[in-house]
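Colleague: This is the structure I have questions about; it appears just below.
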Amino acid sequence: MTETTTRTTKARPFPFSEPNRLDVDPCFAGLRRDEPLVRVQLPFGEPAWLATRHADVRTVLGDPRFSRAAAVGRDEPRSVPYQRDVGIIGMDPPEHSRLRRLAAKAFTARRVEELRPRTRELADELVTGMIAAGSPADLVAHVATPLPIQVICDLLGVPVADQDRFHTWSEAIVSTTSLRPEVAQSYLDQLLSYMAGLIAQRRVTPTDDLIGAMVRARDEKADRLTENEVVHLAAGLLAAGHETTVTQIPNLVYVLLTEPEVWQRLLTEPALVPSAVEELLRFIPLGASPAFPRYALEDVELGGVLVRAGEPVLVSIPSANRDESVFPDPDRLDLDREANPHLAFGHGPHHCIGAQLVRMELQVVLETLLARTPGLRVAVPQSALTWKSGLLVRGLTALPVSW
């Protein structure tokens, strides 16, 4: 594609089609082949480029020539009518790194492995409760929602008794059209106020949890963190630390139960669970719409197109994870993939800080269900299942199962 063609390309409305269950829009295969960088127009904001190939997505997410902080003051492309303060997600290094380091120690592979035994106990307790409730039972209500909430509460030091409140407020973080703008702002304000209250408590009664550690870091060396940064970071960790996993657990189980040969193989080869989780993370398009554009700080050649300084670029993770040049037979769920460099957790400075925690939780839930409910099956016709809408993530509102 020549630069002249680039400048006259009309932006295509995006998304190209409404998300359907966990299907990946077939348009992406043609774009990866013929137009890997396409001009798109989201419902709000200025037009943007959309990267669809794995290599280009990695470049946009990892190359310092593309900036998140440069979105400040611009009409960035988005799915909502309003622009919101996204805290650390809107920063570039070194400011981003300064905040990220504060929380990173709580999410190391070593720390996550220390949490695995307790997470197994919790999963077993929740599955026991589901079985006791009788078949059919909703996996979302009995397992997928309470487990990530309990784990992140233990890690941060948030009272799990408050889960109904902060789980409701957290929808403001992932809402596109599910909440009216004034409701979303009210929820966000309540979440931040709640977190500010917990931080104030830590100053009276210090604790060894992550919020306590953040407060100590703030108070011992105030130039490292502002009070506002501590509040926003803690609230973001609480919301992001459970919202996506609450959605991904039923997605994972749904896909496995609709691929019965894969479920049967895992029953006979449970050692494959870690690789199965990686393949499911690649295969399942969790994101409903791209968000958080990067702005080119200089002219950059990308996907055969000259992206000029100041232009925003969005990335399609679902498309990158189905890139034929990286994943042979990409539309097949394949537990035997030897290499699986999926981008489900992003890439570069903003790579998901909780990636190891999510992996562990998904592994534990899957291992527990395989051991406790080997005959697990979806209890209603697929046409009776209902799916979330108006959110940044795709998933089931409920998953009735029998065993």
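Labels for the structure tokens follow display order: chains A, B, ..., residues from 1 in each chain, ligands from 1.
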What lies within 10 Å of Pro15 of chain A using only C-alpha atoms, ignoring chain neighbours under 6 positions off, as a VMD selection string?
Modeller: chain A and resid 25 40 to 43 79 288 to 290
Colleague: Go ahead and save the picked residues with all heavy atoms, as a PDB file, in the first residue's frame.
Modeller:
ATOM      1  N   ASP A  25     -14.292 -12.519  14.522  1.00  0.00           N
ATOM      2  CA  ASP A  25     -14.832 -12.012  13.261  1.00  0.00           C
ATOM      3  C   ASP A  25     -14.006 -12.539  12.085  1.00  0.00           C
ATOM      4  O   ASP A  25     -12.787 -12.338  12.030  1.00  0.00           O
ATOM      5  CB  ASP A  25     -14.796 -10.479  13.273  1.00  0.00           C
ATOM      6  CG  ASP A  25     -15.605  -9.853  12.149  1.00  0.00           C
ATOM      7  OD1 ASP A  25     -15.561 -10.379  11.024  1.00  0.00           O
ATOM      8  OD2 ASP A  25     -16.282  -8.847  12.395  1.00  0.00           O
ATOM      9  N   VAL A  40      -9.833   2.560  10.783  1.00  0.00           N
ATOM     10  CA  VAL A  40     -11.133   2.277  11.398  1.00  0.00           C
ATOM     11  C   VAL A  40     -11.647   3.500  12.149  1.00  0.00           C
ATOM     12  O   VAL A  40     -10.880   4.385  12.534  1.00  0.00           O
ATOM     13  CB  VAL A  40     -11.053   1.079  12.382  1.00  0.00           C
ATOM     14  CG1 VAL A  40     -10.712  -0.212  11.648  1.00  0.00           C
ATOM     15  CG2 VAL A  40     -10.079   1.349  13.522  1.00  0.00           C
ATOM     16  N   GLN A  41     -12.958   3.490  12.345  1.00  0.00           N
ATOM     17  CA  GLN A  41     -13.620   4.535  13.126  1.00  0.00           C
ATOM     18  C   GLN A  41     -14.447   3.867  14.211  1.00  0.00           C
ATOM     19  O   GLN A  41     -15.427   3.187  13.928  1.00  0.00           O
ATOM     20  CB  GLN A  41     -14.525   5.386  12.236  1.00  0.00           C
ATOM     21  CG  GLN A  41     -15.338   6.432  12.991  1.00  0.00           C
ATOM     22  CD  GLN A  41     -14.467   7.507  13.630  1.00  0.00           C
ATOM     23  OE1 GLN A  41     -13.777   8.241  12.938  1.00  0.00           O
ATOM     24  NE2 GLN A  41     -14.475   7.579  14.956  1.00  0.00           N
ATOM     25  N   LEU A  42     -14.046   4.035  15.462  1.00  0.00           N
ATOM     26  CA  LEU A  42     -14.833   3.537  16.580  1.00  0.00           C
ATOM     27  C   LEU A  42     -16.031   4.455  16.805  1.00  0.00           C
ATOM     28  O   LEU A  42     -16.103   5.527  16.214  1.00  0.00           O
ATOM     29  CB  LEU A  42     -13.964   3.428  17.833  1.00  0.00           C
ATOM     30  CG  LEU A  42     -13.303   2.059  18.073  1.00  0.00           C
ATOM     31  CD1 LEU A  42     -12.322   1.722  16.963  1.00  0.00           C
ATOM     32  CD2 LEU A  42     -12.623   2.003  19.429  1.00  0.00           C
ATOM     33  N   PRO A  43     -16.980   4.061  17.654  1.00  0.00           N
ATOM     34  CA  PRO A  43     -18.166   4.903  17.855  1.00  0.00           C
ATOM     35  C   PRO A  43     -17.850   6.333  18.273  1.00  0.00           C
ATOM     36  O   PRO A  43     -18.617   7.251  17.961  1.00  0.00           O
ATOM     37  CB  PRO A  43     -18.935   4.148  18.939  1.00  0.00           C
ATOM     38  CG  PRO A  43     -18.558   2.719  18.739  1.00  0.00           C
ATOM     39  CD  PRO A  43     -17.115   2.758  18.338  1.00  0.00           C
ATOM     40  N   SER A  79     -14.969   3.348  22.667  1.00  0.00           N
ATOM     41  CA  SER A  79     -16.315   2.790  22.517  1.00  0.00           C
ATOM     42  C   SER A  79     -17.338   3.509  23.376  1.00  0.00           C
ATOM     43  O   SER A  79     -18.527   3.168  23.330  1.00  0.00           O
ATOM     44  CB  SER A  79     -16.302   1.299  22.886  1.00  0.00           C
ATOM     45  OG  SER A  79     -15.411   0.583  22.065  1.00  0.00           O
ATOM     46  N   ALA A 288     -13.890  -7.502  23.764  1.00  0.00           N
ATOM     47  CA  ALA A 288     -14.995  -7.264  22.839  1.00  0.00           C
ATOM     48  C   ALA A 288     -14.647  -6.191  21.814  1.00  0.00           C
ATOM     49  O   ALA A 288     -15.184  -6.178  20.707  1.00  0.00           O
ATOM     50  CB  ALA A 288     -16.242  -6.851  23.609  1.00  0.00           C
ATOM     51  N   SER A 289     -13.749  -5.288  22.182  1.00  0.00           N
ATOM     52  CA  SER A 289     -13.380  -4.191  21.289  1.00  0.00           C
ATOM     53  C   SER A 289     -12.008  -3.679  21.697  1.00  0.00           C
ATOM     54  O   SER A 289     -11.678  -3.668  22.890  1.00  0.00           O
ATOM     55  CB  SER A 289     -14.401  -3.062  21.373  1.00  0.00           C
ATOM     56  OG  SER A 289     -14.032  -1.976  20.550  1.00  0.00           O
ATOM     57  N   PRO A 290     -11.180  -3.265  20.741  1.00  0.00           N
ATOM     58  CA  PRO A 290      -9.879  -2.714  21.114  1.00  0.00           C
ATOM     59  C   PRO A 290     -10.035  -1.406  21.870  1.00  0.00           C
ATOM     60  O   PRO A 290     -10.991  -0.655  21.669  1.00  0.00           O
ATOM     61  CB  PRO A 290      -9.172  -2.502  19.765  1.00  0.00           C
ATOM     62  CG  PRO A 290     -10.280  -2.373  18.778  1.00  0.00           C
ATOM     63  CD  PRO A 290     -11.392  -3.250  19.285  1.00  0.00           C
TER      64      PRO A 290
END
Colleague: Could you make a table, as CSV, of the residues of segment 312-382 of chain A that have an atom within 12 Å of an atom of segment 140-157 of chain A, each with its nearest atom pair and distance in Å to one decimal, counting only C-alpha atoms, in chain and number order?
Modeller:
residue,atom,partner,partner_atom,distance
A:Gly354,CA,A:Ile152,CA,10.0
A:Leu357,CA,A:Val151,CA,9.1
A:Val358,CA,A:Pro148,CA,8.6
A:Arg359,CA,A:Pro148,CA,11.5
A:Met360,CA,A:Pro148,CA,10.7
A:Glu361,CA,A:Pro148,CA,7.4
A:Leu362,CA,A:Pro148,CA,9.6
A:Val364,CA,A:Leu147,CA,10.3
A:Val365,CA,A:Val143,CA,8.2
A:Leu366,CA,A:Ala144,CA,10.9
A:Thr368,CA,A:Val143,CA,10.7
A:Leu369,CA,A:Val143,CA,10.0
Colleague: I'd like to know which of A:Thr268, A:Ser325, A:Ser402, A:Asn228 is closest to Gly375 of chain A, using only C-alpha atoms.
Modeller: A:Ser402
Colleague: If you run DSSP on this backbone, which residues of segment 140-369 of chain A come out as alpha helix (DSSP H), and could you give them as a VMD selection string?
Modeller: chain A and resid 146 to 156 163 to 169 171 to 174 181 to 204 210 to 220 227 to 257 260 to 268 273 to 283 317 to 320 355 to 369
Colleague: Selection from above, C-alpha atoms, as a tab-separated table (two decimals), in the first residue's frame, can you write it?
Modeller:
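selection.tsv, written as the output of this step:
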chain	number	residue	atom	x	y	z
A	146	PRO	CA	-16.28	-15.92	44.26
A	147	LEU	CA	-12.87	-17.50	43.60
A	148	PRO	CA	-11.07	-14.56	41.92
A	149	ILE	CA	-12.71	-12.13	44.34
A	150	GLN	CA	-11.48	-14.08	47.38
A	151	VAL	CA	-7.95	-14.41	45.97
A	152	ILE	CA	-7.52	-10.73	45.11
A	153	CYS	CA	-9.08	-9.69	48.43
A	154	ASP	CA	-6.57	-11.84	50.33
A	155	LEU	CA	-3.69	-10.43	48.29
A	156	LEU	CA	-4.66	-6.78	48.62
A	163	GLN	CA	-17.53	-8.01	47.55
A	164	ASP	CA	-21.07	-7.25	46.42
A	165	ARG	CA	-20.34	-3.54	46.58
A	166	PHE	CA	-16.96	-3.42	44.87
A	167	HIS	CA	-17.92	-6.07	42.29
A	168	THR	CA	-20.79	-3.81	41.26
A	169	TRP	CA	-18.63	-0.69	41.21
A	171	GLU	CA	-18.24	-2.66	36.20
A	172	ALA	CA	-17.41	1.01	35.62
A	173	ILE	CA	-13.88	-0.06	34.65
A	174	VAL	CA	-15.02	-2.48	31.90
A	181	PRO	CA	-22.17	7.65	31.78
A	182	GLU	CA	-23.41	9.20	35.01
A	183	VAL	CA	-23.84	5.75	36.60
A	184	ALA	CA	-20.38	4.65	35.49
A	185	GLN	CA	-18.87	7.79	37.00
A	186	SER	CA	-20.81	7.29	40.23
A	187	TYR	CA	-19.59	3.70	40.50
A	188	LEU	CA	-16.01	4.77	39.85
A	189	ASP	CA	-16.24	7.53	42.45
A	190	GLN	CA	-17.62	5.05	45.01
A	191	LEU	CA	-14.84	2.56	44.27
A	192	LEU	CA	-12.16	5.22	44.71
A	193	SER	CA	-13.79	6.52	47.90
A	194	TYR	CA	-13.97	2.97	49.27
A	195	MET	CA	-10.29	2.40	48.52
A	196	ALA	CA	-9.32	5.74	50.08
A	197	GLY	CA	-11.11	4.59	53.23
A	198	LEU	CA	-9.11	1.35	53.35
A	199	ILE	CA	-5.90	3.30	52.88
A	200	ALA	CA	-6.83	5.59	55.77
A	201	GLN	CA	-7.43	2.50	57.93
A	202	ARG	CA	-3.93	1.22	57.13
A	203	ARG	CA	-2.44	4.39	58.55
A	204	VAL	CA	-4.19	3.71	61.85
A	210	LEU	CA	-0.39	-5.12	49.42
A	211	ILE	CA	-2.43	-2.05	50.36
A	212	GLY	CA	-0.46	-1.80	53.59
A	213	ALA	CA	2.81	-2.00	51.64
A	214	MET	CA	1.68	0.71	49.24
A	215	VAL	CA	0.74	3.00	52.11
A	216	ARG	CA	4.14	2.49	53.74
A	217	ALA	CA	5.88	3.27	50.45
A	218	ARG	CA	3.85	6.45	50.11
A	219	ASP	CA	4.37	7.62	53.68
A	220	GLU	CA	8.06	6.74	53.97
A	227	GLU	CA	-1.99	9.95	47.47
A	228	ASN	CA	-4.11	10.00	44.32
A	229	GLU	CA	-1.77	7.51	42.63
A	230	VAL	CA	-2.00	5.09	45.54
A	231	VAL	CA	-5.80	5.24	45.56
A	232	HIS	CA	-6.13	4.78	41.79
A	233	LEU	CA	-3.56	1.98	41.66
A	234	ALA	CA	-5.19	0.06	44.49
A	235	ALA	CA	-8.66	0.48	42.97
A	236	GLY	CA	-7.39	-0.60	39.55
A	237	LEU	CA	-5.73	-3.71	40.98
A	238	LEU	CA	-8.91	-4.65	42.84
A	239	ALA	CA	-11.12	-4.23	39.77
A	240	ALA	CA	-8.78	-5.71	37.17
A	241	GLY	CA	-7.68	-8.40	39.60
A	242	HIS	CA	-11.05	-10.10	39.51
A	243	GLU	CA	-13.24	-8.78	36.69
A	244	THR	CA	-11.46	-10.43	33.77
A	245	THR	CA	-10.90	-13.73	35.59
A	246	VAL	CA	-14.54	-13.87	36.68
A	247	THR	CA	-15.38	-13.68	32.97
A	248	GLN	CA	-12.61	-15.95	31.68
A	249	ILE	CA	-13.31	-18.95	33.94
A	250	PRO	CA	-16.77	-19.68	32.45
A	251	ASN	CA	-15.44	-18.88	28.96
A	252	LEU	CA	-12.75	-21.52	29.41
A	253	VAL	CA	-15.16	-24.13	30.78
A	254	TYR	CA	-17.74	-23.38	28.07
A	255	VAL	CA	-15.20	-23.89	25.29
A	256	LEU	CA	-13.98	-27.16	26.79
A	257	LEU	CA	-17.51	-28.50	27.25
A	260	PRO	CA	-15.84	-32.77	24.35
A	261	GLU	CA	-12.85	-34.61	22.89
A	262	VAL	CA	-10.55	-32.02	24.48
A	263	TRP	CA	-12.31	-32.36	27.85
A	264	GLN	CA	-11.97	-36.16	27.63
A	265	ARG	CA	-8.29	-35.89	26.83
A	266	LEU	CA	-7.71	-33.68	29.87
A	267	LEU	CA	-9.50	-36.23	32.03
A	268	THR	CA	-6.98	-38.87	30.96
A	273	VAL	CA	-3.79	-28.54	32.07
A	274	PRO	CA	-1.09	-25.80	32.00
A	275	SER	CA	-0.65	-26.06	28.23
A	276	ALA	CA	-4.44	-26.27	27.81
A	277	VAL	CA	-4.84	-23.01	29.73
A	278	GLU	CA	-2.29	-21.30	27.47
A	279	GLU	CA	-4.06	-22.56	24.36
A	280	LEU	CA	-7.43	-21.46	25.69
A	281	LEU	CA	-6.04	-18.01	26.48
A	282	ARG	CA	-4.92	-17.79	22.84
A	283	PHE	CA	-8.13	-19.24	21.44
A	317	ILE	CA	-5.45	-9.14	20.23
A	318	PRO	CA	-8.00	-11.73	19.00
A	319	SER	CA	-6.74	-11.31	15.44
A	320	ALA	CA	-3.07	-11.47	16.48
A	355	ALA	CA	-0.75	-12.69	34.31
A	356	GLN	CA	0.81	-15.30	36.59
A	357	LEU	CA	-2.08	-15.00	39.04
A	358	VAL	CA	-4.67	-15.48	36.28
A	359	ARG	CA	-2.81	-18.52	34.93
A	360	MET	CA	-2.69	-20.10	38.36
A	361	GLU	CA	-6.38	-19.47	39.07
A	362	LEU	CA	-7.47	-20.90	35.71
A	363	GLN	CA	-5.26	-23.96	36.18
A	364	VAL	CA	-6.58	-24.60	39.68
A	365	VAL	CA	-10.24	-24.24	38.69
A	366	LEU	CA	-9.81	-26.55	35.71
A	367	GLU	CA	-7.89	-29.16	37.74
A	368	THR	CA	-10.57	-29.08	40.44
A	369	LEU	CA	-13.48	-29.45	38.01
Colleague: What's around Pro77 of chain A at 7 Å? Count only C-alpha atoms, leave out sequence neighbours fewer than 6 positions away in its own chain, and write the answer as JSON, numbers by chain.
Modeller: {"A": [42, 44, 45, 46, 47, 48]}
Colleague: Next, dump the selected residues to file, keeping only C-alpha atoms, as a short mmCIF file (atom, residue, chain, number, x, y, z; two decimals), in the first residue's frame.
Modeller:
data_model
loop_
_atom_site.label_atom_id
_atom_site.label_comp_id
_atom_site.auth_asym_id
_atom_site.auth_seq_id
_atom_site.Cartn_x
_atom_site.Cartn_y
_atom_site.Cartn_z
CA LEU A 42 -14.83 3.54 16.58
CA PHE A 44 -16.39 7.87 19.44
CA GLY A 45 -13.14 9.75 18.95
CA GLU A 46 -10.88 10.28 15.98
CA PRO A 47 -10.14 7.62 13.32
CA ALA A 48 -7.29 5.20 14.02
#
Colleague: Do a neighbour search on Val307 of chain A at 12 Å with only C-alpha atoms, toss out local chain neighbours closer than 6 positions, and write the hits as a list in words.
Modeller: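 Here the answer would be Met1, Thr2, Glu3, Thr6, Arg7, Leu37, Val38, Arg39, Ala48, Trp49, Leu50, Ala51, Asp56, Val60, Arg65, Phe66, Arg294, Tyr295, Ala296, Leu297, Glu298, Asp299, Val300, Glu301, Val313 and Leu314 of chain A.
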Colleague: Which residue out of A:Val80, A:Arg110, A:Thr226, A:Arg118 has the minimum interatomic distance to Arg180 of chain A when only C-alpha atoms are used?
Modeller: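 Looking only at the distances to Arg180 of chain A, the closest residue turns out to be A:Val80.
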